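Quick notes on the structure that follows.
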Amino acid sequence: MAKRADLRNVAIVAHVDHGKTTLVDAMLWQGGAFDAHTTVEKTGERIMDSGDLEREKGITILAKNTAITYHGPSAAEFGAPQGVTINVIDTPGHADFSGEVERGLSMVDGVVLLVDASEGPLPQTRFVLRKALEANLPVIPVINKVDRQDARISEIVSQTQDLLLSLAADIEDSAALDLDRLLEIPTIFAAAKAGYADTEQPADGGLPRNQNLEPLFRAILEYIPAPEYEADAPLVAQVTNLDASPFLGRLALCRIYSGKLEANTWMGLMDGAEGKLERVHVTELLRTEGLERKPAKSAGPGEIVAIAGIPNITIGQTLVDLEDPRPRPRIHIDDPAISMTIGINTSPLAGKVKGHKLTARQVRDRLTQELVGNVSIRVLPTDRPDAWEVQDRGELALAILVETMRREGFELTVGKPQVVKRVIDGVVHEPWERATIDVPEEYLGAVTQLMAARKGQMETMTNHGTGWVRMEFVVPSRGMIGFRTQFLTQTRGTGIAASISEGYQPWAGPIESRITGSLVSDRSGQITAYSLQRLEDRGTFFVKPGEETYEGQVVGENPRNEDMDVNIVKAKEMTNMRSATADVFETLQASRTLTLEESIEFAAEDECIEVTPEVVRLRKVTLSAIERAREAGRKKREAKAAQA
């Protein structure tokens with residue numbers, strides 16, 4: 001087998017907010033990706049988080065790649081005097097985007113695992129580390145944010161090593177793992193924001209002595225293997241991601257495993273070993289340099305490049321030699337666990353603004369388009385022609401999809417998230433999650449009670465002596481739907497919670513996710529300040545005077561666990577003492593504005609969300625109060641008949 005000493009492919013993986021994107025940015029700056037003419041300024045904004053939603057939420061949603069040409073002192077030592085190209089995949093840290101992580105790992109030969117020096121290994125750390133070990137990839141542990149004042153460096157190093165050993169022992173094909181090789185890789189101590197890294201452990205809260213990332217670059221060159229390939233093998237290049245260019249159309253990101261990929265040539269395209277061989281023409285070949293893609297004539301084994309010219313190419317397909325096709329297996333992605341119904345806007349206020357996308361065909365085409373680039377999503381038909389069941393890894397991933405469509409001009413009706421059930425040996429199973437929760441000691445009882453109500457089973461509890469407690473629960477995924485709002489309320493916004501899939505277990509029984517009811521508008525019209533003033537003692541409102549409402553819209557929250565129909569369009573009667581418009585607006589309590597994610601969490605079983613580019617409204621699935629009363633009566637009769 002031949003090797004490419006001038007090339008390394010590595011993924012940066014970690015739990016959300018542990019500093020992956022910040023580290024990649026520092027590597028770009030120190031690797032010389034930007035020259036004196038570059039317009040990017042070194043500010044607090046992360047270069048790799050390019051999407052609006054990524055910048056707003058401070059999280060990575062899509063796996064991205066960049067290339068750093070490293071000319072440091074270690075390059076010549078490892079056989080590349082002209083420099084080493086390090087292809088870096090920056091992956092998401094949130095569990096809902098695990099499909100992006102799995103896809104990123106299929107492109108690389110090793111991983112850099114970041115762990116926060118204070119928070120330590122969290123659920124997504126466990127997930128990405130397990131996936132890396134299953135693929136038998138070397139892991140370089142990096143303890144990041146060592147300059148945090150609450151850093152616990154020695155303890156976190158020990159926890160990371162323990163996690164590595166326990167996961168290695170659990171993997172089915174553990175005999176194939178080179179555990180000695182894994183354990184000999186040194187731990188790197190870093191402060192990514194400052195651009196410092198060292199192999200020597202600094203004091204807690206202190207910066208590494210070495211004031212650059214040279215130790216990290218050296219570790220990548222030494223412990224991440226150079227790509228191997230058969231010198232005489234035909235072309236094999238697998239599509240791992242998709243992008244688009246306004247000039248070239250659809251771009252396919254490919255990892256070349258053998259052979260040479262050339263621009264302006266004909267080749268084969270196959271979807272796995274059983275797929276049909278299709279003859280295709282590659283018009284352009286683009287190689288990544290820093291953050292830019294530049295045209296190239298050809299690329300060889302181990303390289304990650306983008307190609308254009310194949311309009312129907314999708315993720316997982318393999319570009320092959322027409323005479324000797326050797327396609328790779330399709331990329332395996334874990335099954336989705338959460339589903340949500342997405343359809344056209346069916347509320348009385350639908351289509352009030354011109355230019356919105358309203359039709360079932362437009363929604364269907366957009367969801368079909370999402371299937372092309374999102375490997376973890378599934379779109380299934382429902383019993384209605386204008387609504388579809390969309391399945392994905394988690395609540396946040398589905399909320400991101402809906403928010404993206406909203407910003408693209410769609411009007412939608414979105415159902416409450418449900419879990420994807422399975423029947424195993426005649427028994428109904430549901431997805432479960434492993435949740436890690438950090439809270440101040442004073443909220444220990446409240447959080448334990450909250451998790452118990454959601455069928456959560458505590459497995460471990462650790463008190464670090466810092467006033468904070470870490471608890472680990474195994475809980476049904478249903479129990480985590482709508483959990484965040486109640487959790488933040490109970491902990492006064494101080495708690496930190498994260499979860500990761502724990503597979504399928506038997507159905508845990510009914511879970512009451514919401515202990516409050518809804519205030520529901522009983523008629524259409526314009527909301528008045530007078531009616532809101534009269535109803536203030538009934539609960540908290542989500543609407544303001546002057547807004548339009550309709551029968552069946554959820555306009556507020558009732559503290560009692562029951563729904564209440566209210567008239568919020570009643571105007572004050574005219575008298576000779578005062579005009580109808582002389583209401584005192586200052587006495588109104590401030591309304592509560594729900595974001596899309598908060599609305600999805602808040603919605604009850606018989607409620608859904610109306611989503612438009614301008615506004616997000618909660619509403620009952622059945623708008624008519626009379627019809628809702630009939631449905632409630634019918635359910636009571638059916639329940640009595642079942643008991644009899």
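Order determines the names: the first chain of the structure tokens is A, the second B, and so forth; residues in each chain are numbered 1 upward, and ligands are numbered 1 upward as they are shown.
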Which of region 200-427 of chain A fall in helix (DSSP H, G or I), as an NGL selection string: :A and (214-223 or 360-373 or 395-407)
What are the closest atom pairs, with distances in Å to one decimal, for all residues of region 228-275 of chain A lying within 6 Å of region 306-330 of chain A? Consider only C-alpha atoms, order rows by chain and residue number, and present the result as CSV.
residue,atom,partner,partner_atom,distance
A:Pro234,CA,A:Asp321,CA,5.9
A:Leu235,CA,A:Val320,CA,5.2
A:Val236,CA,A:Val320,CA,5.0
A:Ala237,CA,A:Leu319,CA,5.0
A:Gln238,CA,A:Thr318,CA,4.3
A:Val239,CA,A:Ile315,CA,5.2
A:Thr240,CA,A:Ile315,CA,5.3
A:Asn241,CA,A:Ile315,CA,5.8
A:Arg250,CA,A:Pro311,CA,6.0
A:Leu251,CA,A:Ala308,CA,4.9
A:Ala252,CA,A:Ile307,CA,5.3
A:Leu253,CA,A:Ala306,CA,4.4
A:Met267,CA,A:Leu322,CA,5.6
A:Gly268,CA,A:Val320,CA,4.8
A:Leu269,CA,A:Leu319,CA,4.6
A:Met270,CA,A:Thr318,CA,5.3
A:Asp271,CA,A:Gln317,CA,4.6
A:Gly272,CA,A:Pro329,CA,5.0
A:Ala273,CA,A:Pro327,CA,5.7
Selected residues written out with C-alpha atoms, as a CSV table (one decimal), in the first residue's frame:
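The new file out04.csv reads:
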chain,number,residue,atom,x,y,z
A,234,PRO,CA,-9.1,2.3,-10.4
A,235,LEU,CA,-10.9,5.4,-9.4
A,236,VAL,CA,-13.1,5.1,-6.2
A,237,ALA,CA,-14.4,8.4,-4.8
A,238,GLN,CA,-17.4,8.6,-2.4
A,239,VAL,CA,-19.8,11.5,-2.1
A,240,THR,CA,-20.0,12.6,1.5
A,241,ASN,CA,-21.7,16.0,1.3
A,250,ARG,CA,-24.9,21.3,-7.4
A,251,LEU,CA,-21.5,20.5,-6.0
A,252,ALA,CA,-20.6,17.1,-4.6
A,253,LEU,CA,-17.9,16.8,-1.9
A,267,MET,CA,-16.8,8.2,-15.3
A,268,GLY,CA,-19.3,5.9,-13.6
A,269,LEU,CA,-21.7,6.7,-10.7
A,270,MET,CA,-23.1,3.9,-8.5
A,271,ASP,CA,-25.3,3.7,-5.4
A,272,GLY,CA,-23.7,0.9,-3.5
A,273,ALA,CA,-22.7,-2.6,-4.9
From A:Tyr257, A:Trp432, A:Tyr443, A:Phe487, residue lying nearest Glu230 (chain A) [only C-alpha atoms]: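 Checking each of A:Tyr257, A:Trp432, A:Tyr443, A:Phe487 against Glu230 (chain A), counting only C-alpha atoms, the winner is A:Tyr257.
Closest to Asp147 (chain A) among A:Gln30, A:Thr85, A:Thr125, A:Ser118 is A:Ser118, based on only C-alpha atoms.
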With the cut-off set at 7 Å and counting only C-alpha atoms, tabulate each residue of region 353-453 of chain A with an atom at most that distance from an atom of region 503-513 of chain A, showing the nearest atom pair and its distance in Å to one decimal, ordered by chain and increasing number, as a Markdown table.
| residue | atom | partner | partner_atom | distance |
| --- | --- | --- | --- | --- |
| A:Val427 | CA | A:Pro506 | CA | 6.9 |
| A:Val428 | CA | A:Trp507 | CA | 5.8 |
| A:His429 | CA | A:Pro506 | CA | 4.1 |
| A:Glu430 | CA | A:Tyr504 | CA | 5.3 |
| A:Pro431 | CA | A:Tyr504 | CA | 4.4 |
| A:Trp432 | CA | A:Gly503 | CA | 5.8 |
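Closest approach to Ala233 (chain A) among A:Val13, A:Val88, A:Ala387, A:Ile256 is made by A:Ile256 (distances from only C-alpha atoms).
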Sel. of strand (DSSP E) residues, region 431-467 of chain A, as a VMD selection string: chain A and resid 431 to 440 457 to 463
Selection: 8 Å around Pro215 (chain A), only C-alpha atoms, excl. self and same-chain fewer than 6 positions, as a ChimeraX atom specification: /A:188,197-199
